[in-house]
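Undergrad: Supplied structure: target-v5.cif, mmCIF, C-alpha atoms.
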```cif
data_my_file
#
loop_
_atom_site.label_atom_id
_atom_site.label_comp_id
_atom_site.auth_asym_id
_atom_site.auth_seq_id
_atom_site.Cartn_x
_atom_site.Cartn_y
_atom_site.Cartn_z
CA MET R 20 249.56 166.89 256.08
CA ARG R 21 250.32 169.15 253.14
CA ARG R 22 248.26 166.81 250.96
CA CYS R 23 245.27 167.08 253.27
CA ALA R 24 245.47 170.89 253.20
CA ALA R 25 245.63 170.87 249.39
CA LEU R 26 242.62 168.55 249.24
CA ALA R 27 240.63 170.78 251.59
CA ALA R 28 241.55 173.84 249.51
CA LEU R 29 240.46 172.00 246.36
CA VAL R 30 237.08 171.14 247.92
CA LEU R 31 236.58 174.76 248.96
CA VAL R 32 237.43 176.01 245.47
CA ALA R 33 235.04 173.46 243.93
CA MET R 34 232.26 174.61 246.25
CA ALA R 35 232.91 178.26 245.40
CA VAL R 36 232.86 177.51 241.66
CA GLY R 37 229.60 175.56 242.11
CA ARG R 38 228.04 178.50 243.93
CA VAL R 39 229.08 180.92 241.17
CA ILE R 40 227.53 178.62 238.55
CA THR R 41 224.21 178.19 240.40
CA ASP R 42 224.03 181.94 241.01
CA SER R 43 224.73 182.96 237.44
CA VAL R 44 222.88 180.21 235.54
CA PRO R 45 219.08 179.88 236.14
CA VAL R 46 219.30 176.16 236.96
CA ASN R 47 216.07 176.20 239.02
CA GLU R 48 213.93 177.99 236.47
CA LEU R 49 211.48 175.89 234.50
CA ALA R 50 210.79 176.53 230.85
CA THR R 51 207.05 177.23 230.84
CA LYS R 52 206.54 179.07 227.58
CA PRO R 53 204.82 177.18 224.76
CA PHE R 54 206.81 176.19 221.66
CA VAL R 55 205.49 178.51 218.95
CA ARG R 56 205.49 177.44 215.29
CA SER R 57 204.52 179.96 212.65
CA GLY R 58 202.50 179.33 209.52
CA GLU R 59 200.35 180.90 206.87
CA VAL R 60 197.14 180.14 205.00
CA GLY R 61 197.53 177.03 202.79
CA ARG R 62 200.68 175.79 204.53
CA PRO R 63 199.98 173.30 207.40
CA VAL R 64 201.97 173.62 210.60
CA ALA R 65 203.45 170.41 212.00
CA LEU R 66 202.85 170.26 215.74
CA ARG R 67 203.97 167.29 217.81
CA TYR R 68 200.39 166.06 218.20
CA ALA R 69 198.80 167.14 214.88
CA ASP R 70 199.23 168.87 211.55
CA VAL R 71 197.10 172.03 211.59
CA GLY R 72 196.35 174.12 208.54
CA VAL R 73 194.11 177.04 207.61
CA THR R 74 192.48 176.43 204.24
CA GLY R 75 190.53 179.68 203.94
CA VAL R 76 189.28 182.86 205.60
CA ARG R 77 185.85 184.47 205.08
CA ALA R 78 183.94 187.41 206.56
CA GLY R 79 180.33 188.54 206.84
CA PRO R 80 177.70 189.91 209.24
CA HIS R 81 175.35 186.91 209.48
CA LEU R 82 175.71 183.19 210.15
CA TYR R 83 173.20 180.44 209.60
CA GLY R 84 173.35 177.17 211.51
CA ALA R 85 171.03 175.72 214.12
CA ASP R 86 169.84 179.30 214.68
CA PRO R 87 170.74 182.42 212.69
CA VAL R 88 173.00 184.91 214.44
CA ALA R 89 174.16 188.45 213.71
CA ALA R 90 177.60 189.83 214.54
CA ALA R 91 178.06 192.74 216.92
CA GLY R 92 181.09 193.58 214.76
CA GLN R 93 181.89 191.34 211.78
CA PHE R 94 182.24 187.55 211.68
CA LEU R 95 185.63 186.25 210.63
CA LEU R 96 185.42 182.57 209.69
CA VAL R 97 188.59 180.47 209.72
CA ASP R 98 188.43 177.14 207.84
CA VAL R 99 190.72 174.61 209.46
CA ARG R 100 192.03 171.14 208.59
CA ILE R 101 193.54 169.03 211.37
CA VAL R 102 195.24 165.64 211.16
CA ALA R 103 195.95 164.23 214.61
CA ARG R 104 199.11 162.11 214.72
CA SER R 105 198.96 159.07 216.97
CA GLU R 106 195.73 159.35 218.95
CA SER R 107 192.42 161.14 219.07
CA THR R 108 193.35 164.66 220.21
CA THR R 109 191.24 167.34 221.89
CA LEU R 110 192.26 170.88 221.02
CA LEU R 111 190.92 173.60 223.31
CA GLY R 112 193.03 176.63 222.43
CA PHE R 113 191.60 178.41 219.37
CA SER R 114 191.84 182.20 219.30
CA LEU R 115 192.67 185.22 217.18
CA LEU R 116 195.31 187.82 217.98
CA ASP R 117 195.22 191.29 216.45
CA ARG R 118 198.20 193.53 215.72
CA ALA R 119 197.96 195.12 219.19
CA GLY R 120 198.06 191.71 220.88
CA ARG R 121 194.38 191.70 221.84
CA ARG R 122 192.89 188.22 222.04
CA TYR R 123 189.53 187.12 220.58
CA ALA R 124 187.60 183.97 221.46
CA PRO R 125 185.58 181.90 218.98
CA MET R 126 181.84 182.17 219.42
CA SER R 127 179.22 179.47 219.63
CA ARG R 128 176.08 181.65 219.67
CA GLY R 129 173.06 180.07 218.04
CA SER R 130 174.74 176.64 218.35
CA THR R 131 176.36 177.50 215.05
CA CYS R 132 180.13 177.09 215.37
CA PRO R 133 182.50 175.15 217.68
CA THR R 134 184.85 176.65 220.24
CA ASN R 135 187.01 173.50 220.42
CA THR R 136 187.24 170.12 218.71
CA THR R 137 188.47 166.55 219.10
CA ALA R 138 190.25 165.31 216.00
CA PRO R 139 190.42 161.54 215.39
CA ALA R 140 193.87 160.15 214.62
CA GLY R 141 195.17 159.77 211.10
CA VAL R 142 192.29 161.28 209.14
CA ARG R 143 191.54 164.76 207.84
CA TRP R 144 189.26 166.56 210.29
CA TYR R 145 187.57 169.76 209.13
CA ALA R 146 186.22 172.63 211.22
CA VAL R 147 185.27 176.27 210.84
CA PHE R 148 185.86 178.63 213.76
CA CYS R 149 183.77 181.80 213.86
CA PHE R 150 185.00 184.97 215.56
CA ASP R 151 182.97 188.12 216.17
CA VAL R 152 185.54 190.94 215.92
CA PRO R 153 185.51 194.72 215.41
CA PRO R 154 185.71 195.32 211.62
CA SER R 155 188.43 197.94 212.12
CA ARG R 156 190.82 195.36 213.61
CA LEU R 157 190.84 192.70 210.89
CA GLU R 158 194.18 193.68 209.35
CA GLY R 159 197.06 191.49 210.48
CA MET R 160 194.93 188.97 212.40
CA VAL R 161 196.76 185.80 213.45
CA PHE R 162 195.02 182.49 214.20
CA GLU R 163 196.37 180.57 217.19
CA VAL R 164 195.92 176.85 217.82
CA ALA R 165 197.02 174.93 220.93
CA LYS R 166 195.99 171.84 222.86
CA GLY R 167 195.37 173.81 226.05
CA ALA R 168 192.88 176.66 226.44
CA PHE R 169 194.43 180.09 226.90
CA ASP R 170 192.11 181.07 229.80
CA ALA R 171 193.18 184.25 231.58
CA ASP R 172 196.97 184.08 231.37
CA GLY R 173 197.96 181.20 229.08
CA SER R 174 199.11 179.03 231.98
CA ARG R 175 197.22 176.05 230.53
CA GLN R 176 199.44 176.31 227.46
CA ASN R 177 202.70 175.90 229.37
CA ARG R 178 205.17 173.89 227.23
CA ASP R 179 202.35 173.35 224.71
CA ASP R 180 203.13 173.05 221.02
CA LEU R 181 201.35 176.04 219.54
CA ALA R 182 200.69 177.20 215.97
CA ARG R 183 200.39 180.88 215.03
CA ILE R 184 199.06 181.16 211.52
CA ASP R 185 199.06 184.51 209.72
CA LEU R 186 195.69 184.87 208.00
CA GLY R 187 197.21 187.08 205.30
CA ILE R 188 194.78 189.96 205.86
CA GLY R 189 196.45 193.11 204.56
CA ALA R 190 195.01 196.62 204.36
CA ALA R 191 193.09 195.96 201.13
CA GLU R 192 191.71 192.59 202.28
CA SER R 193 190.66 194.02 205.67
CA LYS R 194 188.66 196.79 203.97
CA GLU R 195 186.96 194.28 201.71
CA MET R 196 186.19 191.93 204.60
CA ALA R 197 184.89 194.72 206.83
CA ALA R 198 182.46 195.78 204.10
CA SER R 199 181.33 192.23 203.23
CA ARG R 200 177.55 191.64 203.44
CA THR R 201 177.85 187.94 202.59
CA ALA R 202 176.11 185.47 204.88
CA TRP R 203 177.69 182.09 205.63
CA ARG R 204 176.79 178.74 207.07
CA GLY R 205 178.13 177.82 210.49
CA GLN R 206 178.95 174.12 210.79
CA PHE R 207 180.17 171.60 213.29
CA PRO R 208 183.49 169.79 212.78
CA GLY R 209 183.57 166.54 210.83
CA LEU R 210 185.23 164.37 208.23
CA ASP R 211 183.67 166.25 205.33
CA GLN R 212 185.03 169.50 204.00
CA MET R 213 183.13 172.58 205.15
CA ASP R 214 180.44 174.07 202.93
CA THR R 215 181.98 177.42 202.04
CA ALA R 216 179.23 178.57 199.65
CA PRO R 217 177.51 181.85 200.63
CA VAL R 218 173.98 181.67 202.01
CA LYS R 219 171.30 183.48 200.05
CA GLU R 220 169.35 185.62 202.46
CA GLN R 221 165.73 186.53 201.87
CA PRO R 222 165.11 190.28 202.15
CA GLY R 223 163.91 191.12 205.64
CA GLN R 224 165.02 187.78 207.11
CA GLU R 225 168.63 188.68 207.85
CA ALA R 226 169.39 186.74 211.01
CA ALA R 227 166.44 188.30 212.76
CA PRO R 228 164.59 186.28 215.41
CA MET I 27 181.93 242.15 299.62
CA THR I 28 181.42 238.48 298.80
CA GLU I 29 179.78 239.27 295.42
CA SER I 30 182.59 241.63 294.42
CA ARG I 31 185.17 238.94 295.40
CA GLU I 32 183.44 236.35 293.20
CA ALA I 33 183.15 238.83 290.37
CA GLY I 34 186.87 239.50 290.75
CA LYS I 35 187.59 235.73 290.60
CA SER I 36 185.60 235.22 287.39
CA TRP I 37 187.27 238.27 285.84
CA ARG I 38 190.69 236.86 286.70
CA GLY I 39 189.65 233.50 285.18
CA LEU I 40 188.57 235.18 281.97
CA SER I 41 191.74 237.21 281.72
CA GLN I 42 193.83 234.01 282.34
CA ALA I 43 191.89 232.26 279.54
CA GLY I 44 192.49 235.29 277.32
CA ALA I 45 196.21 235.16 278.11
CA LEU I 46 196.23 231.43 277.28
CA VAL I 47 194.53 232.10 273.93
CA ARG I 48 197.06 234.84 273.16
CA ARG I 49 199.93 232.39 273.75
CA THR I 50 198.54 229.89 271.16
CA ASN I 51 199.15 230.07 267.42
CA GLY I 52 196.52 229.83 264.62
CA ARG I 53 196.82 226.08 264.10
CA GLN I 54 196.36 225.35 267.82
CA ARG I 55 193.32 227.64 267.93
CA LEU I 56 191.83 225.84 264.90
CA GLY I 57 192.37 222.44 266.54
CA ALA I 58 190.76 223.63 269.76
CA GLY I 59 187.82 225.01 267.75
CA VAL I 60 187.29 221.68 265.97
CA GLY I 61 187.49 219.83 269.30
CA ALA I 62 184.95 222.17 270.83
CA ALA I 63 182.63 221.76 267.84
CA LEU I 64 182.83 217.95 268.13
CA LEU I 65 182.01 218.12 271.84
CA VAL I 66 179.03 220.37 271.17
CA THR I 67 177.70 218.08 268.38
CA ALA I 68 178.45 214.83 270.29
CA PRO I 69 174.89 214.43 271.67
CA PHE I 70 173.64 214.62 268.08
CA GLY I 71 176.04 212.00 266.66
CA GLY I 72 179.11 214.20 266.05
CA LEU I 73 181.47 211.58 267.52
CA GLU I 74 179.94 208.60 265.68
CA ALA I 75 181.93 206.94 262.88
CA ALA I 76 181.11 208.21 259.39
CA GLY I 77 178.86 205.76 257.50
CA THR I 78 180.12 203.92 254.42
CA PRO I 79 179.09 205.63 251.17
CA GLY I 80 176.01 204.10 249.54
CA PRO I 81 175.78 202.68 246.03
CA ASP I 82 176.05 204.97 243.00
CA LYS I 83 172.79 205.97 241.39
CA LEU I 84 171.80 203.94 238.34
CA THR I 85 170.52 206.42 235.78
CA LEU I 86 168.79 205.37 232.57
CA GLY I 87 170.92 206.17 229.52
CA LYS I 88 174.08 206.79 231.56
CA SER I 89 177.04 204.41 231.23
CA PHE I 90 178.63 202.84 234.29
CA GLU I 91 181.53 200.43 234.88
CA LEU I 92 180.68 196.83 235.69
CA GLY I 93 183.86 194.78 236.14
CA PRO I 94 185.50 194.69 232.68
CA TYR I 95 182.44 196.17 230.96
CA ASP I 96 180.86 199.54 230.29
CA VAL I 97 177.10 199.09 230.68
CA THR I 98 174.20 201.37 229.84
CA ILE I 99 170.57 200.60 230.72
CA ARG I 100 168.17 202.54 228.48
CA LYS I 101 164.78 201.35 229.71
CA VAL I 102 162.93 198.82 231.84
CA VAL I 103 160.01 197.09 230.11
CA THR I 104 157.76 194.09 230.64
CA VAL I 105 156.64 192.00 227.67
CA GLY I 106 154.50 188.91 227.19
CA ASP I 107 157.39 187.07 225.52
CA LEU I 108 160.37 187.48 223.19
CA ALA I 109 159.24 184.72 220.84
CA PRO I 110 160.66 182.68 219.31
CA SER I 111 163.82 183.15 221.39
CA ILE I 112 162.46 183.40 224.94
CA LYS I 113 159.07 182.62 226.40
CA PRO I 114 158.06 182.67 230.08
CA GLU I 115 158.36 179.21 231.63
CA ARG I 116 155.20 179.71 233.74
CA GLU I 117 151.87 180.06 232.03
CA GLY I 118 150.61 183.61 232.39
CA GLY I 119 154.08 184.84 233.34
CA ARG I 120 155.84 187.72 231.64
CA LEU I 121 159.41 188.83 230.99
CA LEU I 122 161.00 191.87 232.60
CA VAL I 123 163.65 193.29 230.28
CA LEU I 124 166.47 195.71 231.04
CA ALA I 125 167.32 197.02 227.57
CA GLY I 126 170.70 198.62 226.99
CA LYS I 127 174.27 198.20 225.77
CA VAL I 128 177.30 196.26 226.95
CA THR I 129 180.81 197.12 225.73
CA ASN I 130 184.07 195.29 226.37
CA PRO I 131 186.76 198.02 226.15
CA GLY I 132 189.55 195.64 227.27
CA ALA I 133 192.11 193.49 225.48
CA ARG I 134 190.73 190.01 226.14
CA PRO I 135 187.36 188.22 225.83
CA GLU I 136 185.20 188.31 228.95
CA PHE I 137 182.37 186.05 230.11
CA ALA I 138 178.84 187.42 229.82
CA THR I 139 177.94 185.83 233.16
CA LEU I 140 179.79 188.74 234.77
CA VAL I 141 176.84 190.87 233.63
CA THR I 142 173.94 188.54 234.51
CA ARG I 143 175.46 187.57 237.87
CA ALA I 144 175.70 191.21 238.94
CA PHE I 145 172.10 192.28 238.28
CA THR I 146 169.27 191.77 240.77
CA VAL I 147 165.74 193.06 240.27
CA LYS I 148 163.53 193.46 243.32
CA GLY I 149 159.78 193.82 242.94
CA GLY I 150 157.69 193.36 239.82
CA GLY I 151 157.20 189.67 240.63
CA VAL I 152 160.65 188.76 239.31
CA VAL I 153 161.29 185.08 239.96
CA VAL I 154 164.24 184.34 242.23
CA PRO I 155 166.06 181.06 241.42
CA GLU I 156 165.44 178.41 244.10
CA HIS I 157 169.08 177.43 244.40
CA GLY I 158 170.54 180.91 244.06
CA GLY I 159 172.64 181.98 241.11
CA SER I 160 171.81 184.40 238.37
CA ALA I 161 168.14 185.02 237.57
CA GLY I 162 168.75 186.89 234.33
CA ARG I 163 169.78 185.97 230.78
CA LEU I 164 171.83 188.19 228.50
CA VAL I 165 170.64 188.11 224.90
CA SER I 166 171.51 190.10 221.80
CA VAL I 167 168.65 192.31 220.65
CA GLU I 168 169.82 191.80 217.06
CA ASP I 169 169.12 188.07 216.90
CA GLY I 170 167.59 187.06 220.25
CA GLU I 171 170.38 184.58 220.96
CA ASP I 172 172.18 184.25 224.30
CA ILE I 173 175.59 185.84 224.67
CA SER I 174 178.27 183.81 226.45
CA THR I 175 181.47 185.71 225.69
CA ILE I 176 182.14 189.26 224.55
CA ASN I 177 185.29 189.93 222.56
CA PRO I 178 187.32 193.13 223.06
CA GLY I 179 186.13 196.22 221.23
CA LEU I 180 182.59 194.92 220.70
CA THR I 181 179.34 196.55 221.81
CA TYR I 182 176.15 194.50 221.93
CA ASP I 183 172.64 195.90 222.07
CA VAL I 184 171.37 193.66 224.82
CA ALA I 185 168.34 192.62 226.76
CA ILE I 186 168.87 191.37 230.30
CA VAL I 187 165.81 189.19 230.72
CA PHE I 188 164.12 188.13 233.97
CA GLU I 189 161.01 185.98 234.36
CA GLN I 190 158.02 187.43 236.19
CA ASP I 191 155.42 185.53 238.20
CA PRO I 192 151.94 185.28 236.66
CA GLY I 193 150.54 187.30 239.57
CA TRP I 194 152.84 190.30 239.10
CA THR I 195 151.42 193.73 239.74
CA GLU I 196 152.36 196.92 237.98
CA GLN I 197 154.78 198.69 240.30
CA PRO I 198 158.22 200.28 240.21
CA VAL I 199 161.18 197.89 240.51
CA ALA I 200 164.53 198.28 242.24
CA VAL I 201 167.54 197.37 240.11
CA GLU I 202 170.71 196.56 242.03
CA VAL I 203 174.10 195.91 240.48
CA ASP I 204 176.94 194.26 242.39
CA GLY I 205 180.47 195.60 242.15
CA TYR I 206 183.52 193.62 241.03
CA GLN I 207 187.09 193.53 242.24
CA PHE I 208 189.95 192.57 239.90
CA LEU I 209 192.23 189.92 241.37
CA GLU I 210 195.73 189.40 239.98
CA GLU I 211 195.87 186.15 241.96
CA ASP I 212 192.81 184.43 243.42
CA PRO I 213 193.86 182.09 246.26
CA LEU I 214 190.39 180.48 246.31
CA THR I 215 190.00 179.48 242.68
CA LEU I 216 193.70 179.66 241.70
CA ASP I 217 192.47 181.48 238.60
CA PRO I 218 194.66 184.54 238.07
CA GLN I 219 193.48 187.89 236.69
CA SER I 220 189.83 187.24 237.47
CA TRP I 221 186.88 189.42 238.45
CA LEU I 222 185.46 188.71 241.90
CA ASP I 223 181.87 189.65 242.74
CA THR I 224 182.12 191.71 245.93
CA ASP I 225 178.51 190.80 246.86
CA GLU I 226 177.99 194.47 247.63
CA VAL I 227 175.62 196.67 245.66
CA ALA I 228 177.73 199.22 243.77
CA THR I 229 175.01 200.80 241.64
CA SER I 230 171.25 200.89 242.13
CA GLY I 231 168.12 202.65 240.96
CA ARG I 232 164.34 202.50 241.15
CA PHE I 233 162.37 202.61 237.91
CA ASP I 234 158.84 202.58 236.60
CA VAL I 235 158.24 199.64 234.28
CA GLU I 236 156.99 200.28 230.76
CA VAL I 237 154.25 197.74 230.02
CA ARG I 238 153.93 196.26 226.53
CA ARG I 239 150.77 194.23 226.22
#
```
In structure tokens, write the structure found in this file.

TA:
Amino acid sequence: MRRCAALAALVLVAMAVGRVITDSVPVNELATKPFVRSGEVGRPVALRYADVGVTGVRAGPHLYGADPVAAAGQFLLVDVRIVARSESTTLLGFSLLDRAGRRYAPMSRGSTCPTNTTAPAGVRWYAVFCFDVPPSRLEGMVFEVAKGAFDADGSRQNRDDLARIDLGIGAAESKEMAASRTAWRGQFPGLDQMDTAPVKEQPGQEAAP
Amino acid sequence: MTESREAGKSWRGLSQAGALVRRTNGRQRLGAGVGAALLVTAPFGGLEAAGTPGPDKLTLGKSFELGPYDVTIRKVVTVGDLAPSIKPEREGGRLLVLAGKVTNPGARPEFATLVTRAFTVKGGGVVVPEHGGSAGRLVSVEDGEDISTINPGLTYDVAIVFEQDPGWTEQPVAVEVDGYQFLEEDPLTLDPQSWLDTDEVATSGRFDVEVRR
């Protein structure tokens, strides 16, 4: 009889301890945030699906590709090299973040630059992403790469492996980039390295229709 | 005798009403006054529900809010084409252009379709799409290329372009702009933090069209 009572008391204590644990530890919460890996220009970031690196950053007011386009602010071009690991990988989440946390999307106006890309496995895949941004916000820009698109709230990047690459734009560089009048060539992704030579503009033909 | 009795009755009635008024305070008198005014104006619509306020007036050169954007329309013009970027699809047709500025003052990129979807032009032979949807295109004046997304902090000089029928006649046009409602959660699309077209005209105006031959 005494044994039964002790057993019952033990069960009750175990249940109470279990309740305390489930109340104090968030056992039902799911980890939804992406895994963020930091990097910088010239140093590739190893993500679980690809190695992603920024090889250069350029700025200018005009882009030439299928059709010439002019920036409302200033174009910031990010040269990227991707090596997908085990399979052909589509990456949809390319964006810039400024120091205040504002997000900028890549632009595809004039069919000039990509907004996403599919990298084949095991080979170097090159792309240049073109962002139209206010010239006063260039300092401290960070380039973000993920498999999922950010959309409105980042929910498509839940548990994604995400690279945040500091573009190394300090105060001096941002001034220089904001004042740049160099025109560049927009290109689509491919196996060849991007043509990063400036485009010579004819006077009076600057990206005008 | 009878007349004096009736006069006495009406006098007593008036004095009773006067006594009643003296027993009321200022707030009660005000309420009674408003009630009386409503009764008097009832035959002329005084008891009818107040109508919903109409759309705001669209004024050329004056900025107004359109969902996430600040928009200014400077002028309304019709042109033969905007070659080489845009030409009328129908032979003999023209293009009606709302020229102005669009600014994204927010912290995230926004779709340009929020602008084109909101604008409707009535009159001027503007072609209405057969299957609904937006009739206009949003292009940058700087390079004549379509705009699909506008990043935060940017202002584009824009042309909102509509196609006109070949048989259009020179007449004023009505420009109507739908309002937007910001939804933290949208149970229909499951897209959070989105702008929903209310399908109600929030801003409108009537303008003469500048003709460029």

Undergrad: Got a sec to check which residues sit within 12 Å of (197.7, 156.8, 205.2), counting all atoms listed in the file, and write them as a list of chain:residue names?

TA: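 All residues meeting the 12 Å criterion around (197.7, 156.8, 205.2) are R:Val102, R:Arg104, R:Ala140, R:Gly141, R:Val142, R:Arg143.
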
Undergrad: For the residues in the current selection, export C-alpha atoms as a PDB file, in the coordinates of the input.

TA:
```pdb
ATOM      1  CA  VAL R 102     195.240 165.640 211.160  1.00  0.00           C
ATOM      2  CA  ARG R 104     199.110 162.110 214.720  1.00  0.00           C
ATOM      3  CA  ALA R 140     193.870 160.150 214.620  1.00  0.00           C
ATOM      4  CA  GLY R 141     195.170 159.770 211.100  1.00  0.00           C
ATOM      5  CA  VAL R 142     192.290 161.280 209.140  1.00  0.00           C
ATOM      6  CA  ARG R 143     191.540 164.760 207.840  1.00  0.00           C
TER       7      ARG R 143
END
```

Undergrad: Pick out the closest residue to Tyr206 in chain I from this set: I:Gln190, I:Thr229, I:Thr50, I:Thr146. Count all atoms listed in the file.

TA: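 Looking at the shortest contact to Tyr206 in chain I, the residue is I:Thr229.
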
Undergrad: Give as a list in words every residue of chain R that touches chain I within 8 Å, counting all atoms listed in the file.

TA: Pro87, Val88, Ala89, Ala91, Gly92, Gly120, Arg121, Arg122, Tyr123, Ala124, Met126, Arg128, Gly129, Asp151, Val152, Pro153, Ala171, Asp172, Ala226, Ala227 and Pro228 of chain R

Undergrad: Output C-alpha atoms for every residue in the selection just made, as a short mmCIF file (atom, residue, chain, number, x, y, z; two decimals), in the frame of the given file.

TA:
```cif
data_model
loop_
_atom_site.label_atom_id
_atom_site.label_comp_id
_atom_site.auth_asym_id
_atom_site.auth_seq_id
_atom_site.Cartn_x
_atom_site.Cartn_y
_atom_site.Cartn_z
CA PRO R 87 170.74 182.42 212.69
CA VAL R 88 173.00 184.91 214.44
CA ALA R 89 174.16 188.45 213.71
CA ALA R 91 178.06 192.74 216.92
CA GLY R 92 181.09 193.58 214.76
CA GLY R 120 198.06 191.71 220.88
CA ARG R 121 194.38 191.70 221.84
CA ARG R 122 192.89 188.22 222.04
CA TYR R 123 189.53 187.12 220.58
CA ALA R 124 187.60 183.97 221.46
CA MET R 126 181.84 182.17 219.42
CA ARG R 128 176.08 181.65 219.67
CA GLY R 129 173.06 180.07 218.04
CA ASP R 151 182.97 188.12 216.17
CA VAL R 152 185.54 190.94 215.92
CA PRO R 153 185.51 194.72 215.41
CA ALA R 171 193.18 184.25 231.58
CA ASP R 172 196.97 184.08 231.37
CA ALA R 226 169.39 186.74 211.01
CA ALA R 227 166.44 188.30 212.76
CA PRO R 228 164.59 186.28 215.41
#
```

Undergrad: Can you pull out the residues contacting Thr142 in chain I? Cut-off 8 Å, using only C-alpha atoms, and skip same-chain residues under 6 positions away; I want them as JSON, numbers by chain.

TA: {"I": [160, 161, 162, 163, 164, 186]}

Undergrad: Where does the PyMOL selection byres ((chain R and resi 97) around 8) land in this file, that is, which residues does it pick, as a PDB file with C-alpha atoms, in the frame of the given file?

TA:
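Result file is selection.pdb:
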```pdb
ATOM      1  CA  VAL R  73     194.110 177.040 207.610  1.00  0.00           C
ATOM      2  CA  THR R  74     192.480 176.430 204.240  1.00  0.00           C
ATOM      3  CA  GLY R  75     190.530 179.680 203.940  1.00  0.00           C
ATOM      4  CA  VAL R  76     189.280 182.860 205.600  1.00  0.00           C
ATOM      5  CA  ARG R  77     185.850 184.470 205.080  1.00  0.00           C
ATOM      6  CA  LEU R  95     185.630 186.250 210.630  1.00  0.00           C
ATOM      7  CA  LEU R  96     185.420 182.570 209.690  1.00  0.00           C
ATOM      8  CA  ASP R  98     188.430 177.140 207.840  1.00  0.00           C
ATOM      9  CA  VAL R  99     190.720 174.610 209.460  1.00  0.00           C
ATOM     10  CA  VAL R 147     185.270 176.270 210.840  1.00  0.00           C
ATOM     11  CA  PHE R 148     185.860 178.630 213.760  1.00  0.00           C
ATOM     12  CA  CYS R 149     183.770 181.800 213.860  1.00  0.00           C
TER      13      CYS R 149
END
```

Undergrad: Smallest atom-to-atom distance to Arg178 in chain R: which of R:Val55, R:Leu31, R:Val44, R:Pro139, using only C-alpha atoms?

TA: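 Closest residue, counting only C-alpha atoms: R:Val55.
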
Undergrad: What does the PyMOL selection byres ((chain R and resi 198-204) around 8) select in this file, as a list in words?

TA: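 Those residues are Ala78, Gly79, Pro80, His81, Leu82, Tyr83, Gly84, Lys194, Glu195, Met196, Ala197, Gly205, Gln206, Asp214, Thr215, Ala216, Pro217, Val218, Lys219 and Glu220 of chain R.
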
Undergrad: Evaluated on this file, the PyMOL selection byres ((chain I and resi 231) around 6) picks out some residues - which ones are they, written as a list in words?

TA: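 Checked against the file, the PyMOL selection byres ((chain I and resi 231) around 6) matches Lys83, Leu84, Ala200, Val201, Ser230 and Arg232 of chain I.
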
Undergrad: Can I get the selection written as a PDB file, keeping the file's coordinate frame, with C-alpha atoms?

TA:
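The resulting part_13.pdb:
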```
ATOM      1  CA  LYS I  83     172.790 205.970 241.390  1.00  0.00           C
ATOM      2  CA  LEU I  84     171.800 203.940 238.340  1.00  0.00           C
ATOM      3  CA  ALA I 200     164.530 198.280 242.240  1.00  0.00           C
ATOM      4  CA  VAL I 201     167.540 197.370 240.110  1.00  0.00           C
ATOM      5  CA  SER I 230     171.250 200.890 242.130  1.00  0.00           C
ATOM      6  CA  ARG I 232     164.340 202.500 241.150  1.00  0.00           C
TER       7      ARG I 232
END
```

Undergrad: Which residues are close to Asp96 in chain I, i.e. within 8 Å by only C-alpha atoms, leaving aside same-chain residues fewer than 6 positions away? Reply as a VMD selection string.

TA: chain I and resid 89 to 90 128 to 131

Undergrad: Quick check, in Å to one decimal: how far apart do CA of Ser105 in chain R and CA of Pro125 in chain R lie?

TA: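 These two atoms are separated by 26.5 Å.
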